[in-house]
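K.L.:
Pasting model-v3.cif here (mmCIF, N, CA and C atoms):
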```cif
data_work
loop_
_atom_site.label_atom_id
_atom_site.label_comp_id
_atom_site.auth_asym_id
_atom_site.auth_seq_id
_atom_site.Cartn_x
_atom_site.Cartn_y
_atom_site.Cartn_z
N MET A 1 38.75 -36.65 -12.11
CA MET A 1 37.93 -35.50 -12.39
C MET A 1 36.63 -35.62 -11.59
N THR A 2 36.26 -34.55 -10.92
CA THR A 2 35.06 -34.51 -10.10
C THR A 2 33.91 -33.95 -10.92
N THR A 3 32.78 -34.66 -10.87
CA THR A 3 31.59 -34.20 -11.57
C THR A 3 30.72 -33.41 -10.62
N LYS A 4 30.39 -32.22 -11.01
CA LYS A 4 29.52 -31.37 -10.18
C LYS A 4 28.07 -31.80 -10.41
N PRO A 5 27.29 -31.81 -9.35
CA PRO A 5 25.88 -32.18 -9.53
C PRO A 5 25.17 -31.11 -10.35
N GLU A 6 24.18 -31.57 -11.07
CA GLU A 6 23.38 -30.64 -11.87
C GLU A 6 22.19 -30.17 -11.04
N PHE A 7 22.04 -28.88 -10.96
CA PHE A 7 20.93 -28.31 -10.23
C PHE A 7 19.96 -27.69 -11.22
N PRO A 8 18.68 -27.68 -10.87
CA PRO A 8 17.72 -27.00 -11.74
C PRO A 8 18.00 -25.51 -11.74
N ASN A 9 17.29 -24.83 -12.54
CA ASN A 9 17.41 -23.38 -12.61
C ASN A 9 17.33 -22.82 -11.18
N PRO A 10 18.32 -22.04 -10.76
CA PRO A 10 18.32 -21.52 -9.39
C PRO A 10 17.07 -20.73 -9.01
N ILE A 11 16.52 -20.01 -9.96
CA ILE A 11 15.31 -19.24 -9.67
C ILE A 11 14.14 -20.18 -9.40
N GLU A 12 14.04 -21.25 -10.17
CA GLU A 12 12.97 -22.22 -9.95
C GLU A 12 13.15 -22.91 -8.59
N ALA A 13 14.38 -23.22 -8.24
CA ALA A 13 14.65 -23.87 -6.97
C ALA A 13 14.25 -22.96 -5.81
N VAL A 14 14.60 -21.69 -5.88
CA VAL A 14 14.25 -20.74 -4.83
C VAL A 14 12.74 -20.56 -4.76
N GLN A 15 12.09 -20.46 -5.91
CA GLN A 15 10.63 -20.31 -5.92
C GLN A 15 9.96 -21.54 -5.29
N SER A 16 10.46 -22.70 -5.62
CA SER A 16 9.90 -23.92 -5.06
C SER A 16 10.06 -23.95 -3.55
N LEU A 17 11.24 -23.59 -3.08
CA LEU A 17 11.49 -23.55 -1.64
C LEU A 17 10.59 -22.52 -0.96
N MET A 18 10.43 -21.36 -1.56
CA MET A 18 9.57 -20.33 -0.97
C MET A 18 8.12 -20.77 -0.94
N ASN A 19 7.66 -21.48 -1.95
CA ASN A 19 6.29 -22.01 -1.96
C ASN A 19 6.09 -23.02 -0.83
N ILE A 20 7.07 -23.89 -0.66
CA ILE A 20 6.99 -24.88 0.42
C ILE A 20 6.97 -24.18 1.77
N GLN A 21 7.81 -23.17 1.93
CA GLN A 21 7.84 -22.44 3.20
C GLN A 21 6.51 -21.73 3.46
N ALA A 22 5.95 -21.10 2.45
CA ALA A 22 4.68 -20.39 2.62
C ALA A 22 3.56 -21.36 3.00
N GLN A 23 3.52 -22.51 2.34
CA GLN A 23 2.50 -23.52 2.66
C GLN A 23 2.68 -24.05 4.08
N THR A 24 3.92 -24.27 4.46
CA THR A 24 4.20 -24.77 5.80
C THR A 24 3.80 -23.76 6.87
N ILE A 25 4.13 -22.51 6.64
CA ILE A 25 3.77 -21.46 7.60
C ILE A 25 2.25 -21.34 7.71
N ALA A 26 1.56 -21.38 6.58
CA ALA A 26 0.10 -21.27 6.60
C ALA A 26 -0.52 -22.44 7.38
N LYS A 27 -0.04 -23.65 7.14
CA LYS A 27 -0.57 -24.82 7.87
C LYS A 27 -0.23 -24.74 9.35
N SER A 28 0.95 -24.24 9.66
CA SER A 28 1.35 -24.09 11.06
C SER A 28 0.45 -23.10 11.78
N ILE A 29 0.12 -22.00 11.13
CA ILE A 29 -0.76 -21.00 11.72
C ILE A 29 -2.16 -21.59 11.95
N GLU A 30 -2.64 -22.37 10.98
CA GLU A 30 -3.94 -23.02 11.13
C GLU A 30 -3.94 -23.96 12.34
N LEU A 31 -2.86 -24.73 12.48
CA LEU A 31 -2.75 -25.67 13.59
C LEU A 31 -2.66 -24.93 14.92
N GLN A 32 -1.93 -23.83 14.96
CA GLN A 32 -1.85 -23.03 16.18
C GLN A 32 -3.21 -22.44 16.54
N LYS A 33 -3.93 -21.97 15.54
CA LYS A 33 -5.26 -21.40 15.78
C LYS A 33 -6.19 -22.48 16.34
N LYS A 34 -6.16 -23.66 15.75
CA LYS A 34 -7.00 -24.76 16.21
C LYS A 34 -6.64 -25.12 17.65
N SER A 35 -5.36 -25.17 17.96
CA SER A 35 -4.93 -25.50 19.32
C SER A 35 -5.41 -24.45 20.31
N GLY A 36 -5.30 -23.20 19.95
CA GLY A 36 -5.77 -22.13 20.81
C GLY A 36 -7.27 -22.21 21.06
N GLU A 37 -8.01 -22.51 20.01
CA GLU A 37 -9.46 -22.64 20.15
C GLU A 37 -9.82 -23.82 21.05
N GLU A 38 -9.10 -24.93 20.91
CA GLU A 38 -9.34 -26.09 21.76
C GLU A 38 -9.06 -25.77 23.22
N LEU A 39 -7.97 -25.07 23.48
CA LEU A 39 -7.64 -24.69 24.85
C LEU A 39 -8.68 -23.75 25.44
N MET A 40 -9.12 -22.79 24.65
CA MET A 40 -10.13 -21.85 25.13
C MET A 40 -11.43 -22.59 25.45
N ALA A 41 -11.84 -23.48 24.58
CA ALA A 41 -13.06 -24.25 24.82
C ALA A 41 -12.91 -25.12 26.07
N PHE A 42 -11.75 -25.70 26.24
CA PHE A 42 -11.49 -26.52 27.43
C PHE A 42 -11.66 -25.69 28.70
N PHE A 43 -11.00 -24.53 28.75
CA PHE A 43 -11.06 -23.71 29.95
C PHE A 43 -12.46 -23.14 30.19
N GLN A 44 -13.18 -22.81 29.14
CA GLN A 44 -14.55 -22.33 29.31
C GLN A 44 -15.44 -23.42 29.90
N ALA A 45 -15.29 -24.63 29.38
CA ALA A 45 -16.09 -25.75 29.89
C ALA A 45 -15.73 -26.06 31.34
N GLU A 46 -14.45 -26.03 31.64
CA GLU A 46 -14.02 -26.33 33.01
C GLU A 46 -14.48 -25.25 33.99
N SER A 47 -14.48 -24.01 33.57
CA SER A 47 -14.93 -22.95 34.49
C SER A 47 -16.43 -23.08 34.77
N LYS A 48 -17.20 -23.53 33.79
CA LYS A 48 -18.62 -23.77 34.02
C LYS A 48 -18.82 -24.90 35.01
N LYS A 49 -18.02 -25.97 34.87
CA LYS A 49 -18.10 -27.09 35.81
C LYS A 49 -17.72 -26.63 37.23
N ALA A 50 -16.70 -25.83 37.33
CA ALA A 50 -16.21 -25.39 38.64
C ALA A 50 -17.26 -24.56 39.38
N ALA A 51 -18.11 -23.89 38.66
CA ALA A 51 -19.12 -23.04 39.30
C ALA A 51 -20.12 -23.85 40.12
N SER A 52 -20.26 -25.13 39.82
CA SER A 52 -21.25 -25.94 40.53
C SER A 52 -20.66 -26.78 41.66
N LEU A 53 -19.39 -26.61 41.96
CA LEU A 53 -18.76 -27.39 43.03
C LEU A 53 -19.26 -26.91 44.40
N LYS A 54 -19.46 -27.89 45.28
CA LYS A 54 -20.06 -27.55 46.57
C LYS A 54 -19.18 -27.90 47.77
N SER A 55 -18.23 -28.77 47.61
CA SER A 55 -17.43 -29.19 48.77
C SER A 55 -15.95 -29.21 48.40
N PRO A 56 -15.09 -29.21 49.41
CA PRO A 56 -13.65 -29.31 49.14
C PRO A 56 -13.28 -30.62 48.43
N GLU A 57 -13.98 -31.68 48.75
CA GLU A 57 -13.73 -32.98 48.09
C GLU A 57 -14.05 -32.89 46.59
N GLU A 58 -15.17 -32.23 46.27
CA GLU A 58 -15.52 -32.04 44.86
C GLU A 58 -14.47 -31.18 44.16
N LEU A 59 -13.99 -30.17 44.85
CA LEU A 59 -12.97 -29.30 44.28
C LEU A 59 -11.68 -30.07 43.98
N ILE A 60 -11.27 -30.91 44.91
CA ILE A 60 -10.05 -31.71 44.71
C ILE A 60 -10.24 -32.67 43.54
N ARG A 61 -11.36 -33.38 43.50
CA ARG A 61 -11.62 -34.33 42.41
C ARG A 61 -11.68 -33.58 41.08
N PHE A 62 -12.37 -32.45 41.06
CA PHE A 62 -12.47 -31.63 39.86
C PHE A 62 -11.07 -31.21 39.39
N ASN A 63 -10.27 -30.72 40.32
CA ASN A 63 -8.94 -30.25 39.98
C ASN A 63 -8.09 -31.38 39.40
N LEU A 64 -8.13 -32.55 40.01
CA LEU A 64 -7.36 -33.69 39.49
C LEU A 64 -7.82 -34.09 38.10
N ASP A 65 -9.14 -34.18 37.93
CA ASP A 65 -9.68 -34.57 36.62
C ASP A 65 -9.38 -33.51 35.55
N ALA A 66 -9.54 -32.24 35.91
CA ALA A 66 -9.29 -31.16 34.95
C ALA A 66 -7.82 -31.15 34.52
N ASN A 67 -6.92 -31.33 35.48
CA ASN A 67 -5.49 -31.36 35.13
C ASN A 67 -5.15 -32.55 34.26
N ALA A 68 -5.71 -33.71 34.57
CA ALA A 68 -5.45 -34.90 33.74
C ALA A 68 -5.95 -34.67 32.32
N ASN A 69 -7.15 -34.09 32.20
CA ASN A 69 -7.70 -33.82 30.87
C ASN A 69 -6.90 -32.76 30.12
N LEU A 70 -6.42 -31.76 30.85
CA LEU A 70 -5.60 -30.73 30.22
C LEU A 70 -4.31 -31.33 29.68
N PHE A 71 -3.66 -32.17 30.46
CA PHE A 71 -2.42 -32.79 29.99
C PHE A 71 -2.67 -33.71 28.79
N LYS A 72 -3.80 -34.39 28.78
CA LYS A 72 -4.14 -35.22 27.61
C LYS A 72 -4.33 -34.35 26.37
N LEU A 73 -5.00 -33.22 26.55
CA LEU A 73 -5.20 -32.29 25.43
C LEU A 73 -3.87 -31.75 24.93
N LEU A 74 -3.02 -31.32 25.85
CA LEU A 74 -1.70 -30.80 25.47
C LEU A 74 -0.85 -31.86 24.79
N LYS A 75 -0.94 -33.09 25.27
CA LYS A 75 -0.19 -34.19 24.65
C LYS A 75 -0.67 -34.41 23.22
N ALA A 76 -1.98 -34.43 23.03
CA ALA A 76 -2.54 -34.61 21.68
C ALA A 76 -2.12 -33.48 20.76
N GLN A 77 -2.12 -32.25 21.28
CA GLN A 77 -1.70 -31.11 20.47
C GLN A 77 -0.22 -31.21 20.13
N GLY A 78 0.60 -31.63 21.08
CA GLY A 78 2.03 -31.81 20.82
C GLY A 78 2.27 -32.87 19.76
N GLU A 79 1.51 -33.95 19.83
CA GLU A 79 1.64 -35.01 18.83
C GLU A 79 1.23 -34.51 17.45
N ALA A 80 0.19 -33.68 17.40
CA ALA A 80 -0.25 -33.12 16.12
C ALA A 80 0.83 -32.22 15.53
N PHE A 81 1.47 -31.39 16.37
CA PHE A 81 2.54 -30.52 15.89
C PHE A 81 3.75 -31.35 15.44
N THR A 82 4.07 -32.41 16.17
CA THR A 82 5.19 -33.27 15.80
C THR A 82 4.92 -33.95 14.46
N ALA A 83 3.71 -34.47 14.29
CA ALA A 83 3.35 -35.11 13.03
C ALA A 83 3.41 -34.11 11.87
N PHE A 84 2.93 -32.91 12.12
CA PHE A 84 2.98 -31.88 11.08
C PHE A 84 4.42 -31.54 10.72
N ALA A 85 5.27 -31.36 11.73
CA ALA A 85 6.67 -31.02 11.47
C ALA A 85 7.37 -32.13 10.70
N THR A 86 7.09 -33.36 11.06
CA THR A 86 7.69 -34.50 10.36
C THR A 86 7.23 -34.54 8.91
N GLU A 87 5.93 -34.37 8.71
CA GLU A 87 5.37 -34.37 7.36
C GLU A 87 5.93 -33.22 6.52
N ALA A 88 6.01 -32.04 7.10
CA ALA A 88 6.52 -30.88 6.36
C ALA A 88 8.00 -31.07 6.01
N GLY A 89 8.77 -31.60 6.95
CA GLY A 89 10.19 -31.86 6.68
C GLY A 89 10.38 -32.88 5.57
N GLN A 90 9.59 -33.94 5.61
CA GLN A 90 9.70 -34.97 4.57
C GLN A 90 9.28 -34.42 3.21
N ALA A 91 8.24 -33.61 3.20
CA ALA A 91 7.79 -33.02 1.93
C ALA A 91 8.87 -32.10 1.37
N ALA A 92 9.48 -31.30 2.22
CA ALA A 92 10.53 -30.38 1.76
C ALA A 92 11.72 -31.16 1.23
N MET A 93 12.14 -32.15 1.96
CA MET A 93 13.29 -32.95 1.52
C MET A 93 12.97 -33.72 0.24
N GLY A 94 11.74 -34.20 0.13
CA GLY A 94 11.34 -34.92 -1.06
C GLY A 94 11.35 -34.07 -2.30
N SER A 95 11.02 -32.81 -2.15
CA SER A 95 10.98 -31.93 -3.32
C SER A 95 12.37 -31.60 -3.82
N PHE A 96 13.39 -31.75 -2.99
CA PHE A 96 14.76 -31.45 -3.39
C PHE A 96 15.60 -32.72 -3.51
N LYS A 97 14.96 -33.85 -3.47
CA LYS A 97 15.64 -35.15 -3.50
C LYS A 97 16.52 -35.32 -4.75
N GLY A 98 16.03 -34.93 -5.87
CA GLY A 98 16.74 -35.15 -7.13
C GLY A 98 17.78 -34.10 -7.48
N PHE A 99 17.98 -33.12 -6.64
CA PHE A 99 18.88 -32.03 -6.98
C PHE A 99 20.34 -32.45 -7.08
N GLY A 100 20.75 -33.40 -6.28
CA GLY A 100 22.15 -33.77 -6.28
C GLY A 100 22.53 -34.84 -7.29
N LYS A 101 21.62 -35.22 -8.15
CA LYS A 101 21.90 -36.29 -9.13
C LYS A 101 22.48 -35.73 -10.40
#
```
Go ahead and express the file in the form of structure tokens.
P.N.:
Amino acid sequence: MTTKPEFPNPIEAVQSLMNIQAQTIAKSIELQKKSGEELMAFFQAESKKAASLKSPEELIRFNLDANANLFKLLKAQGEAFTAFATEAGQAAMGSFKGFGK
């Protein structure tokens, strides 16, 4: 004889899942907004620096440094999104951990 797992009230389970989804979406939007603001600030600062360049050598050095800094910023933002996704996934799975018992 096969024993079926006991699930909580289906309405409560759906409500819980929807709450987790809403919280995750809200945090994701906040993180996207922060990333956008960081990128805008980066480009504004770099354009101010570029205005004072006087020689082709300065332009090349500026371009190399700006690109390196941009990639570092993008890497940090990617790591933040990865950490958030991992955390959100673990939280979601943790909330439903006991359902199959």
K.L.:
Report the distance between atom C of A:Asn67 and atom CA of A:Lys33 in Å, rounded to one decimal place.
P.N.:
21.6 Å
K.L.:
Since I can't run it myself right now, could you work out what the PyMOL selection byres (((chain A and resi 49 and name CA) around 12) and name CA) selects here and report it as a list in words?
P.N.:
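Selection result, ordered by chain and number: Phe42, Phe43, Gln44, Ala45, Glu46, Ser47, Lys48, Ala50, Ala51, Ser52, Leu53, Lys54, Glu58, Leu59, Arg61, Phe62, Asn63, Asp65 and Ala66 of chain A.
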K.L.:
Would you work out the distance separating atom N of A:Ala68 from atom CA of A:Glu87, expressed in Å to one decimal?
P.N.:
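Rounded to one decimal, the two atoms are 29.4 Å apart.
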K.L.:
Quick one: distance from atom CA of A:Val14 to atom N of A:Gly89 in Å, one decimal?
P.N.:
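Between atom CA of A:Val14 and atom N of A:Gly89 the gap works out to 16.9 Å.
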K.L.:
Give the answer as one residue: which of A:Leu73, A:Ala13, A:Ala80, A:Ile60 has the shortest atom-to-atom distance to A:Ser28, using only C-alpha atoms?
P.N.:
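Selected residue with least distance to A:Ser28: A:Ala80.
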K.L.:
Tell me, as a PyMOL selection string, which residues lie within 12 Å of stretch 18-23 of chain A, counting only C-alpha atoms; anything in the same chain fewer than 5 positions away does not count.
P.N.:
chain A and resi 11-13+28-30+84-85+87-96
K.L.:
Mind listing the alpha helix (DSSP H) residues of chain A, per DSSP on the backbone, as number ranges by chain?
P.N.:
A: 10-50, 56-95
